[in-house]
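Colleague: This one is target_32.cif, mmCIF, N, CA and C atoms.
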```cif
data_entry
loop_
_atom_site.label_atom_id
_atom_site.label_comp_id
_atom_site.auth_asym_id
_atom_site.auth_seq_id
_atom_site.Cartn_x
_atom_site.Cartn_y
_atom_site.Cartn_z
N MET A 16 28.04 78.64 20.41
CA MET A 16 29.13 78.99 19.52
C MET A 16 28.93 78.39 18.13
N ASP A 17 27.69 78.15 17.74
CA ASP A 17 27.41 77.60 16.42
C ASP A 17 27.82 78.54 15.30
N GLU A 18 27.83 79.83 15.57
CA GLU A 18 28.23 80.79 14.55
C GLU A 18 29.70 80.67 14.16
N LEU A 19 30.47 79.91 14.93
CA LEU A 19 31.88 79.71 14.59
C LEU A 19 32.09 78.69 13.48
N GLY A 20 31.07 77.94 13.18
CA GLY A 20 31.22 76.90 12.17
C GLY A 20 31.47 75.56 12.82
N GLY A 21 31.76 74.59 12.01
CA GLY A 21 31.94 73.26 12.55
C GLY A 21 32.69 72.36 11.59
N TYR A 22 32.47 71.08 11.79
CA TYR A 22 33.05 70.06 10.93
C TYR A 22 31.96 69.05 10.61
N ARG A 23 31.79 68.77 9.34
CA ARG A 23 30.81 67.77 8.92
C ARG A 23 31.55 66.62 8.26
N GLU A 24 31.21 65.42 8.67
CA GLU A 24 31.84 64.21 8.15
C GLU A 24 31.41 63.99 6.70
N LEU A 25 32.35 63.67 5.84
CA LEU A 25 32.06 63.43 4.43
C LEU A 25 31.95 61.93 4.17
N THR A 26 31.31 61.58 3.07
CA THR A 26 31.26 60.18 2.65
C THR A 26 32.66 59.75 2.21
N ALA A 27 32.89 58.46 2.14
CA ALA A 27 34.23 57.94 1.84
C ALA A 27 34.79 58.45 0.51
N PRO A 28 34.05 58.41 -0.61
CA PRO A 28 34.62 58.92 -1.86
C PRO A 28 34.91 60.42 -1.80
N ALA A 29 34.00 61.16 -1.20
CA ALA A 29 34.20 62.61 -1.08
C ALA A 29 35.38 62.90 -0.17
N ARG A 30 35.57 62.09 0.84
CA ARG A 30 36.67 62.27 1.77
C ARG A 30 38.02 62.08 1.08
N VAL A 31 38.12 61.08 0.21
CA VAL A 31 39.38 60.83 -0.51
C VAL A 31 39.70 62.01 -1.42
N VAL A 32 38.71 62.48 -2.15
CA VAL A 32 38.91 63.64 -3.04
C VAL A 32 39.25 64.87 -2.21
N GLY A 33 38.52 65.07 -1.12
CA GLY A 33 38.78 66.22 -0.26
C GLY A 33 40.17 66.20 0.33
N ASP A 34 40.61 65.04 0.78
CA ASP A 34 41.96 64.92 1.33
C ASP A 34 43.03 65.23 0.27
N ALA A 35 42.80 64.76 -0.95
CA ALA A 35 43.75 65.04 -2.04
C ALA A 35 43.81 66.54 -2.32
N VAL A 36 42.65 67.19 -2.35
CA VAL A 36 42.61 68.64 -2.58
C VAL A 36 43.31 69.36 -1.42
N PHE A 37 43.04 68.93 -0.20
CA PHE A 37 43.66 69.57 0.96
C PHE A 37 45.18 69.43 0.91
N ILE A 38 45.67 68.25 0.60
CA ILE A 38 47.13 68.05 0.49
C ILE A 38 47.72 68.96 -0.59
N GLY A 39 47.00 69.08 -1.70
CA GLY A 39 47.43 70.02 -2.74
C GLY A 39 47.50 71.44 -2.23
N MET A 40 46.53 71.84 -1.43
CA MET A 40 46.52 73.20 -0.87
C MET A 40 47.64 73.39 0.15
N VAL A 41 47.97 72.33 0.89
CA VAL A 41 49.09 72.41 1.83
C VAL A 41 50.39 72.64 1.07
N PHE A 42 50.59 71.88 -0.01
CA PHE A 42 51.80 72.07 -0.81
C PHE A 42 51.81 73.44 -1.49
N LEU A 43 50.66 73.89 -1.97
CA LEU A 43 50.58 75.23 -2.56
C LEU A 43 50.93 76.30 -1.53
N THR A 44 50.45 76.14 -0.32
CA THR A 44 50.77 77.09 0.74
C THR A 44 52.27 77.10 1.02
N ALA A 45 52.89 75.94 1.03
CA ALA A 45 54.34 75.88 1.25
C ALA A 45 55.09 76.59 0.13
N VAL A 46 54.66 76.39 -1.10
CA VAL A 46 55.30 77.06 -2.24
C VAL A 46 55.11 78.57 -2.15
N LEU A 47 53.89 79.00 -1.81
CA LEU A 47 53.62 80.42 -1.71
C LEU A 47 54.41 81.07 -0.58
N GLU A 48 54.53 80.38 0.52
CA GLU A 48 55.32 80.93 1.63
C GLU A 48 56.80 80.99 1.27
N ARG A 49 57.26 80.07 0.45
CA ARG A 49 58.63 80.11 -0.05
C ARG A 49 58.82 81.33 -0.94
N LEU A 50 57.85 81.58 -1.81
CA LEU A 50 57.89 82.77 -2.67
C LEU A 50 57.87 84.03 -1.83
N GLN A 51 57.05 84.05 -0.81
CA GLN A 51 56.96 85.20 0.09
C GLN A 51 58.29 85.46 0.76
N LEU A 52 58.98 84.39 1.15
CA LEU A 52 60.28 84.53 1.79
C LEU A 52 61.32 85.09 0.80
N GLN A 53 61.23 84.68 -0.46
CA GLN A 53 62.14 85.21 -1.47
C GLN A 53 61.86 86.69 -1.75
N LEU A 54 60.60 87.08 -1.67
CA LEU A 54 60.26 88.49 -1.87
C LEU A 54 60.81 89.37 -0.75
N ARG A 55 60.98 88.79 0.44
CA ARG A 55 61.53 89.55 1.55
C ARG A 55 62.94 90.03 1.23
N VAL A 56 63.68 89.21 0.49
CA VAL A 56 65.06 89.57 0.13
C VAL A 56 65.06 90.79 -0.79
N THR A 57 64.10 90.87 -1.71
CA THR A 57 64.07 92.00 -2.64
C THR A 57 63.29 93.19 -2.11
N GLU A 58 62.75 93.08 -0.91
CA GLU A 58 61.91 94.13 -0.35
C GLU A 58 62.63 95.47 -0.23
N SER A 59 63.91 95.46 0.11
CA SER A 59 64.62 96.72 0.30
C SER A 59 64.94 97.42 -1.02
N SER A 60 65.00 96.68 -2.12
CA SER A 60 65.36 97.30 -3.39
C SER A 60 64.17 97.54 -4.32
N LYS A 61 63.07 96.87 -4.09
CA LYS A 61 61.89 97.02 -4.96
C LYS A 61 60.71 97.46 -4.11
N TRP A 62 60.03 98.52 -4.53
CA TRP A 62 58.93 99.06 -3.74
C TRP A 62 57.73 98.12 -3.69
N TRP A 63 57.56 97.30 -4.70
CA TRP A 63 56.37 96.46 -4.79
C TRP A 63 56.50 95.14 -4.03
N ALA A 64 57.71 94.80 -3.58
CA ALA A 64 57.93 93.49 -2.97
C ALA A 64 57.14 93.32 -1.67
N SER A 65 57.05 94.37 -0.87
CA SER A 65 56.30 94.27 0.39
C SER A 65 54.82 94.01 0.12
N ASN A 66 54.25 94.74 -0.83
CA ASN A 66 52.85 94.51 -1.20
C ASN A 66 52.68 93.14 -1.83
N GLY A 67 53.67 92.69 -2.57
CA GLY A 67 53.63 91.37 -3.17
C GLY A 67 53.60 90.28 -2.11
N ARG A 68 54.35 90.47 -1.04
CA ARG A 68 54.33 89.51 0.06
C ARG A 68 52.95 89.43 0.69
N ASP A 69 52.30 90.58 0.85
CA ASP A 69 50.95 90.59 1.43
C ASP A 69 49.97 89.84 0.53
N VAL A 70 50.08 90.03 -0.77
CA VAL A 70 49.20 89.35 -1.71
C VAL A 70 49.45 87.84 -1.68
N VAL A 71 50.70 87.45 -1.65
CA VAL A 71 51.05 86.03 -1.60
C VAL A 71 50.52 85.40 -0.32
N ASN A 72 50.68 86.08 0.82
CA ASN A 72 50.16 85.56 2.08
C ASN A 72 48.64 85.45 2.07
N ALA A 73 47.97 86.44 1.50
CA ALA A 73 46.51 86.40 1.41
C ALA A 73 46.05 85.24 0.52
N PHE A 74 46.75 85.01 -0.57
CA PHE A 74 46.39 83.90 -1.45
C PHE A 74 46.64 82.56 -0.76
N ALA A 75 47.74 82.46 0.00
CA ALA A 75 48.03 81.23 0.75
C ALA A 75 46.92 80.97 1.77
N LEU A 76 46.47 82.02 2.45
CA LEU A 76 45.39 81.88 3.42
C LEU A 76 44.10 81.44 2.75
N ALA A 77 43.77 82.04 1.63
CA ALA A 77 42.55 81.67 0.90
C ALA A 77 42.61 80.24 0.40
N SER A 78 43.74 79.83 -0.11
CA SER A 78 43.85 78.46 -0.63
C SER A 78 43.76 77.44 0.50
N MET A 79 44.35 77.74 1.65
CA MET A 79 44.27 76.83 2.79
C MET A 79 42.84 76.76 3.31
N ALA A 80 42.16 77.89 3.39
CA ALA A 80 40.76 77.90 3.84
C ALA A 80 39.89 77.10 2.88
N PHE A 81 40.15 77.23 1.59
CA PHE A 81 39.41 76.45 0.60
C PHE A 81 39.64 74.95 0.82
N GLY A 82 40.89 74.57 1.02
CA GLY A 82 41.21 73.16 1.27
C GLY A 82 40.48 72.62 2.49
N LEU A 83 40.38 73.43 3.54
CA LEU A 83 39.67 73.00 4.75
C LEU A 83 38.17 72.88 4.50
N LYS A 84 37.62 73.79 3.73
CA LYS A 84 36.19 73.71 3.42
C LYS A 84 35.87 72.46 2.60
N VAL A 85 36.78 72.10 1.71
CA VAL A 85 36.57 70.91 0.88
C VAL A 85 36.51 69.64 1.74
N ILE A 86 37.28 69.58 2.82
CA ILE A 86 37.28 68.37 3.64
C ILE A 86 36.23 68.40 4.75
N GLY A 87 35.42 69.48 4.82
CA GLY A 87 34.29 69.46 5.74
C GLY A 87 34.26 70.51 6.82
N PHE A 88 35.26 71.37 6.93
CA PHE A 88 35.22 72.43 7.92
C PHE A 88 34.35 73.56 7.39
N THR A 89 33.57 74.16 8.26
CA THR A 89 32.66 75.22 7.82
C THR A 89 32.87 76.48 8.65
N GLY A 90 32.48 77.58 8.07
CA GLY A 90 32.45 78.85 8.78
C GLY A 90 33.80 79.39 9.18
N PRO A 91 33.78 80.30 10.15
CA PRO A 91 35.00 80.97 10.58
C PRO A 91 36.06 80.03 11.16
N ILE A 92 35.65 78.87 11.67
CA ILE A 92 36.64 77.94 12.23
C ILE A 92 37.61 77.48 11.14
N ALA A 93 37.11 77.34 9.90
CA ALA A 93 37.99 76.98 8.78
C ALA A 93 39.02 78.08 8.54
N PHE A 94 38.57 79.32 8.63
CA PHE A 94 39.48 80.46 8.44
C PHE A 94 40.53 80.51 9.56
N LEU A 95 40.10 80.23 10.79
CA LEU A 95 41.03 80.24 11.93
C LEU A 95 42.09 79.15 11.79
N ILE A 96 41.67 77.96 11.44
CA ILE A 96 42.63 76.86 11.26
C ILE A 96 43.57 77.17 10.09
N ALA A 97 43.01 77.74 9.01
CA ALA A 97 43.84 78.11 7.86
C ALA A 97 44.88 79.15 8.24
N ALA A 98 44.47 80.16 8.99
CA ALA A 98 45.42 81.20 9.41
C ALA A 98 46.53 80.61 10.29
N THR A 99 46.16 79.70 11.17
CA THR A 99 47.15 79.04 12.03
C THR A 99 48.12 78.22 11.19
N MET A 100 47.60 77.49 10.22
CA MET A 100 48.47 76.69 9.34
C MET A 100 49.44 77.58 8.55
N VAL A 101 48.93 78.67 7.99
CA VAL A 101 49.79 79.56 7.20
C VAL A 101 50.88 80.16 8.08
N LEU A 102 50.54 80.55 9.30
CA LEU A 102 51.55 81.08 10.22
C LEU A 102 52.63 80.05 10.53
N PHE A 103 52.21 78.82 10.81
CA PHE A 103 53.20 77.77 11.12
C PHE A 103 54.06 77.44 9.90
N VAL A 104 53.47 77.40 8.71
CA VAL A 104 54.25 77.13 7.50
C VAL A 104 55.23 78.28 7.25
N ASN A 105 54.80 79.52 7.52
CA ASN A 105 55.67 80.67 7.36
C ASN A 105 56.87 80.58 8.30
N VAL A 106 56.62 80.23 9.55
CA VAL A 106 57.72 80.07 10.52
C VAL A 106 58.65 78.94 10.08
N LEU A 107 58.07 77.85 9.62
CA LEU A 107 58.85 76.71 9.15
C LEU A 107 59.76 77.13 7.98
N GLU A 108 59.20 77.89 7.05
CA GLU A 108 60.00 78.37 5.91
C GLU A 108 61.15 79.24 6.38
N SER A 109 60.89 80.11 7.34
CA SER A 109 61.95 80.98 7.85
C SER A 109 63.05 80.18 8.53
N LEU A 110 62.67 79.16 9.28
CA LEU A 110 63.67 78.35 9.97
C LEU A 110 64.52 77.52 9.00
N LEU A 111 63.92 77.10 7.90
CA LEU A 111 64.63 76.23 6.96
C LEU A 111 65.27 76.96 5.79
N SER A 112 65.16 78.28 5.75
CA SER A 112 65.58 79.02 4.57
C SER A 112 67.06 78.84 4.21
N ASP A 113 67.91 78.61 5.18
CA ASP A 113 69.35 78.48 4.90
C ASP A 113 69.80 77.04 4.72
N HIS A 114 68.92 76.11 4.87
CA HIS A 114 69.29 74.69 4.77
C HIS A 114 69.45 74.29 3.32
N LYS A 115 70.35 73.36 3.08
CA LYS A 115 70.64 72.89 1.72
C LYS A 115 69.41 72.26 1.06
N LEU A 116 68.64 71.50 1.80
CA LEU A 116 67.45 70.84 1.28
C LEU A 116 66.17 71.55 1.73
N SER A 117 66.19 72.87 1.76
CA SER A 117 65.09 73.63 2.34
C SER A 117 63.76 73.40 1.63
N THR A 118 63.77 73.25 0.32
CA THR A 118 62.52 73.04 -0.40
C THR A 118 61.87 71.71 -0.02
N VAL A 119 62.65 70.66 -0.03
CA VAL A 119 62.13 69.34 0.32
C VAL A 119 61.68 69.31 1.77
N LEU A 120 62.49 69.87 2.65
CA LEU A 120 62.15 69.87 4.07
C LEU A 120 60.91 70.72 4.35
N SER A 121 60.77 71.83 3.66
CA SER A 121 59.59 72.66 3.90
C SER A 121 58.32 71.98 3.40
N MET A 122 58.39 71.27 2.29
CA MET A 122 57.22 70.53 1.80
C MET A 122 56.86 69.41 2.78
N ALA A 123 57.88 68.69 3.26
CA ALA A 123 57.63 67.62 4.23
C ALA A 123 57.09 68.19 5.54
N GLY A 124 57.63 69.30 5.97
CA GLY A 124 57.15 69.94 7.20
C GLY A 124 55.72 70.44 7.07
N ALA A 125 55.39 71.02 5.93
CA ALA A 125 54.02 71.49 5.71
C ALA A 125 53.05 70.31 5.71
N LEU A 126 53.46 69.21 5.09
CA LEU A 126 52.62 68.02 5.09
C LEU A 126 52.45 67.48 6.51
N ALA A 127 53.53 67.49 7.29
CA ALA A 127 53.45 67.03 8.68
C ALA A 127 52.50 67.91 9.49
N LEU A 128 52.50 69.22 9.22
CA LEU A 128 51.58 70.11 9.92
C LEU A 128 50.12 69.84 9.52
N GLY A 129 49.92 69.39 8.29
CA GLY A 129 48.56 69.11 7.82
C GLY A 129 48.04 67.74 8.17
N LEU A 130 48.92 66.82 8.53
CA LEU A 130 48.49 65.44 8.82
C LEU A 130 47.44 65.32 9.93
N PRO A 131 47.55 66.06 11.03
CA PRO A 131 46.49 65.94 12.04
C PRO A 131 45.11 66.32 11.50
N ILE A 132 45.06 67.24 10.59
CA ILE A 132 43.78 67.66 10.01
C ILE A 132 43.21 66.54 9.15
N ILE A 133 44.07 65.82 8.45
CA ILE A 133 43.60 64.73 7.60
C ILE A 133 43.25 63.49 8.44
N LEU A 134 44.09 63.18 9.41
CA LEU A 134 43.91 61.95 10.18
C LEU A 134 42.86 62.05 11.28
N ALA A 135 42.73 63.22 11.87
CA ALA A 135 41.79 63.39 12.99
C ALA A 135 41.10 64.75 12.93
N PRO A 136 40.31 65.00 11.89
CA PRO A 136 39.70 66.33 11.74
C PRO A 136 38.75 66.70 12.88
N LYS A 137 38.03 65.72 13.43
CA LYS A 137 37.12 66.02 14.54
C LYS A 137 37.89 66.50 15.77
N ILE A 138 39.01 65.86 16.04
CA ILE A 138 39.82 66.26 17.20
C ILE A 138 40.39 67.66 16.99
N VAL A 139 40.84 67.96 15.77
CA VAL A 139 41.35 69.30 15.46
C VAL A 139 40.24 70.33 15.65
N HIS A 140 39.04 70.00 15.17
CA HIS A 140 37.91 70.91 15.33
C HIS A 140 37.61 71.16 16.80
N VAL A 141 37.54 70.10 17.59
CA VAL A 141 37.25 70.24 19.02
C VAL A 141 38.34 71.06 19.70
N PHE A 142 39.60 70.82 19.35
CA PHE A 142 40.72 71.58 19.94
C PHE A 142 40.56 73.07 19.68
N PHE A 143 40.28 73.45 18.44
CA PHE A 143 40.14 74.87 18.12
C PHE A 143 38.91 75.48 18.78
N ARG A 144 37.81 74.73 18.83
CA ARG A 144 36.60 75.23 19.50
C ARG A 144 36.86 75.46 20.99
N ARG A 145 37.49 74.50 21.64
CA ARG A 145 37.76 74.65 23.08
C ARG A 145 38.74 75.77 23.36
N THR A 146 39.71 75.92 22.48
CA THR A 146 40.66 77.02 22.63
C THR A 146 39.93 78.36 22.54
N LEU A 147 39.04 78.49 21.57
CA LEU A 147 38.26 79.73 21.45
C LEU A 147 37.36 79.96 22.67
N GLU A 148 36.77 78.89 23.18
CA GLU A 148 35.92 79.02 24.36
C GLU A 148 36.72 79.46 25.58
N LEU A 149 37.97 78.99 25.68
CA LEU A 149 38.83 79.42 26.79
C LEU A 149 39.26 80.87 26.63
N LEU A 150 39.60 81.25 25.41
CA LEU A 150 40.09 82.61 25.17
C LEU A 150 38.98 83.65 25.22
N PHE A 151 37.80 83.26 24.77
CA PHE A 151 36.67 84.19 24.71
C PHE A 151 35.44 83.57 25.40
N PRO A 152 35.41 83.60 26.72
CA PRO A 152 34.31 82.95 27.45
C PRO A 152 32.95 83.60 27.21
#
```
With the file now loaded, output its structure as structure tokens.
Modeller:
Amino acid sequence: MDELGGYRELTAPARVVGDAVFIGMVFLTAVLERLQLQLRVTESSKWWASNGRDVVNAFALASMAFGLKVIGFTGPIAFLIAATMVLFVNVLESLLSDHKLSTVLSMAGALALGLPIILAPKIVHVFFRRTLELLFP
């Protein structure tokens, strides 16, 4: 399953920079998913809102995949983890949309979803690889 990509350990200075970039991408994804949620409200009155949501989601996915590549994930596994993160952030945004502190809570929730990737990237990589091996023997 080498064609799925992997995880390569970075040197300490590169790791710090990579983690900072990844955290930035997590926050960007949360902001983009918030924008996507706001476009859903205008979807019934504006023809372009549905296509705008697709573009915003695609950009969120690309930015998350970039953040993962910066911290050492390679190949399609980075794309898979990014897609999973974007889906979870999207669900989180939907659940928090009516809350008074929804922006702060969604940023904190997105960061909480990204913490395992920062703190234990090898374990996250192994988890996704094993999941794929179970689903596609």
Colleague: With only N, CA and C atoms as the atoms that count, which of A:Asp69, A:Arg49, A:Ala29, A:Phe151 lies nearest to Glu108 of chain A?
Modeller: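 Looking at the shortest contact to Glu108 of chain A, the residue is A:Arg49.
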Colleague: From the set A:Val32, A:Met40, A:Leu19, A:Leu134, which residue has the shortest atom-to-atom contact distance to Ile92 of chain A, counting only C-alpha atoms?
Modeller: A:Leu19
Colleague: Hey, which of A:Val106, A:Val46, A:Ala75, A:Val70 ends up closest to Val119 of chain A? Count only C-alpha atoms.
Modeller: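 Of A:Val106, A:Val46, A:Ala75, A:Val70, the one nearest Val119 of chain A is A:Val46, counting only C-alpha atoms.
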Colleague: Could you check which of A:Phe37, A:Val104, A:Ala98, A:Pro91 is closest to Ala77 of chain A, using all atoms listed in the file?
Modeller: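 With all atoms listed in the file as the atom set, the closest residue is A:Ala98.
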Colleague: How would you write, as a CSV table (one decimal) with N, CA and C atoms, in the coordinates of the input, the residues chosen by the PyMOL selection byres (((chain A and resi 39 and name CA) around 12) and name CA) on this structure?
Modeller:
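Saved file part22.csv follows:
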```
chain,number,residue,atom,x,y,z
A,32,VAL,N,38.7,62.5,-2.2
A,32,VAL,CA,38.9,63.6,-3.0
A,32,VAL,C,39.2,64.9,-2.2
A,33,GLY,N,38.5,65.1,-1.1
A,33,GLY,CA,38.8,66.2,-0.3
A,33,GLY,C,40.2,66.2,0.3
A,34,ASP,N,40.6,65.0,0.8
A,34,ASP,CA,42.0,64.9,1.3
A,34,ASP,C,43.0,65.2,0.3
A,35,ALA,N,42.8,64.8,-1.0
A,35,ALA,CA,43.8,65.0,-2.0
A,35,ALA,C,43.8,66.5,-2.3
A,36,VAL,N,42.6,67.2,-2.4
A,36,VAL,CA,42.6,68.6,-2.6
A,36,VAL,C,43.3,69.4,-1.4
A,37,PHE,N,43.0,68.9,-0.2
A,37,PHE,CA,43.7,69.6,1.0
A,37,PHE,C,45.2,69.4,0.9
A,38,ILE,N,45.7,68.2,0.6
A,38,ILE,CA,47.1,68.0,0.5
A,38,ILE,C,47.7,69.0,-0.6
A,40,MET,N,46.5,71.8,-1.4
A,40,MET,CA,46.5,73.2,-0.9
A,40,MET,C,47.6,73.4,0.2
A,41,VAL,N,48.0,72.3,0.9
A,41,VAL,CA,49.1,72.4,1.8
A,41,VAL,C,50.4,72.6,1.1
A,42,PHE,N,50.6,71.9,0.0
A,42,PHE,CA,51.8,72.1,-0.8
A,42,PHE,C,51.8,73.4,-1.5
A,43,LEU,N,50.7,73.9,-2.0
A,43,LEU,CA,50.6,75.2,-2.6
A,43,LEU,C,50.9,76.3,-1.5
A,44,THR,N,50.4,76.1,-0.3
A,44,THR,CA,50.8,77.1,0.7
A,44,THR,C,52.3,77.1,1.0
A,45,ALA,N,52.9,75.9,1.0
A,45,ALA,CA,54.3,75.9,1.2
A,45,ALA,C,55.1,76.6,0.1
A,46,VAL,N,54.7,76.4,-1.1
A,46,VAL,CA,55.3,77.1,-2.2
A,46,VAL,C,55.1,78.6,-2.2
A,75,ALA,N,47.7,82.5,0.0
A,75,ALA,CA,48.0,81.2,0.8
A,75,ALA,C,46.9,81.0,1.8
A,78,SER,N,43.7,79.8,-0.1
A,78,SER,CA,43.8,78.5,-0.6
A,78,SER,C,43.8,77.4,0.5
A,79,MET,N,44.4,77.7,1.6
A,79,MET,CA,44.3,76.8,2.8
A,79,MET,C,42.8,76.8,3.3
A,81,PHE,N,40.2,77.2,1.6
A,81,PHE,CA,39.4,76.4,0.6
A,81,PHE,C,39.6,75.0,0.8
A,82,GLY,N,40.9,74.6,1.0
A,82,GLY,CA,41.2,73.2,1.3
A,82,GLY,C,40.5,72.6,2.5
A,83,LEU,N,40.4,73.4,3.5
A,83,LEU,CA,39.7,73.0,4.8
A,83,LEU,C,38.2,72.9,4.5
A,85,VAL,N,36.8,72.1,1.7
A,85,VAL,CA,36.6,70.9,0.9
A,85,VAL,C,36.5,69.6,1.7
A,122,MET,N,58.4,71.3,2.3
A,122,MET,CA,57.2,70.5,1.8
A,122,MET,C,56.9,69.4,2.8
A,125,ALA,N,55.4,71.0,5.9
A,125,ALA,CA,54.0,71.5,5.7
A,125,ALA,C,53.0,70.3,5.7
A,126,LEU,N,53.5,69.2,5.1
A,126,LEU,CA,52.6,68.0,5.1
A,126,LEU,C,52.4,67.5,6.5
A,129,GLY,N,49.9,69.4,8.3
A,129,GLY,CA,48.6,69.1,7.8
A,129,GLY,C,48.0,67.7,8.2
```
Colleague: Figure out the distance between atom C of Phe74 of chain A and atom C of Phe103 of chain A, please, to one decimal in Å.
Modeller: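 Going from atom C of Phe103 of chain A over to atom C of Phe74 of chain A, I get 14.0 Å.
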Colleague: If DSSP is run on the backbone, what residues of segment 17-69 of chain A are alpha helix (DSSP H)? A reply as a ChimeraX atom specification would be ideal.
Modeller: /A:27-57,64-69
Colleague: Take every atom of segment 132-143 of chain A listed in the file, pad by 3 Å on each side, and give me the axis-aligned box centre and edge lengths in Å, one decimal, as JSON.
Modeller:
```
{"center_x": 41.1, "center_y": 68.7, "center_z": 13.8, "size_x": 13.9, "size_y": 19.5, "size_z": 18.3}
```
Colleague: Report, in Å with one decimal, the straight-line distance from atom CA of Ala127 of chain A to atom N of Thr57 of chain A.
Modeller: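 Distance reported for this atom pair: 28.1 Å.
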Colleague: So how many Å separate atom CA of Arg23 of chain A and atom C of Gly87 of chain A, to one decimal?
Modeller: 4.9 Å
Colleague: Pick from A:Gln53, A:Asn72, A:Thr89, A:Asn66: nearest to Val101 of chain A, with only C-alpha atoms counted?
Modeller: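 Among A:Gln53, A:Asn72, A:Thr89, A:Asn66, it is A:Asn72 that comes nearest to Val101 of chain A.
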Colleague: Please determine, counting all atoms listed in the file, which residue among A:Ser109, A:Phe143, A:Glu24, A:Met100 has the shortest atom-to-atom distance to Leu52 of chain A.
Modeller: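 Under the stated criterion, the closest residue is A:Ser109.
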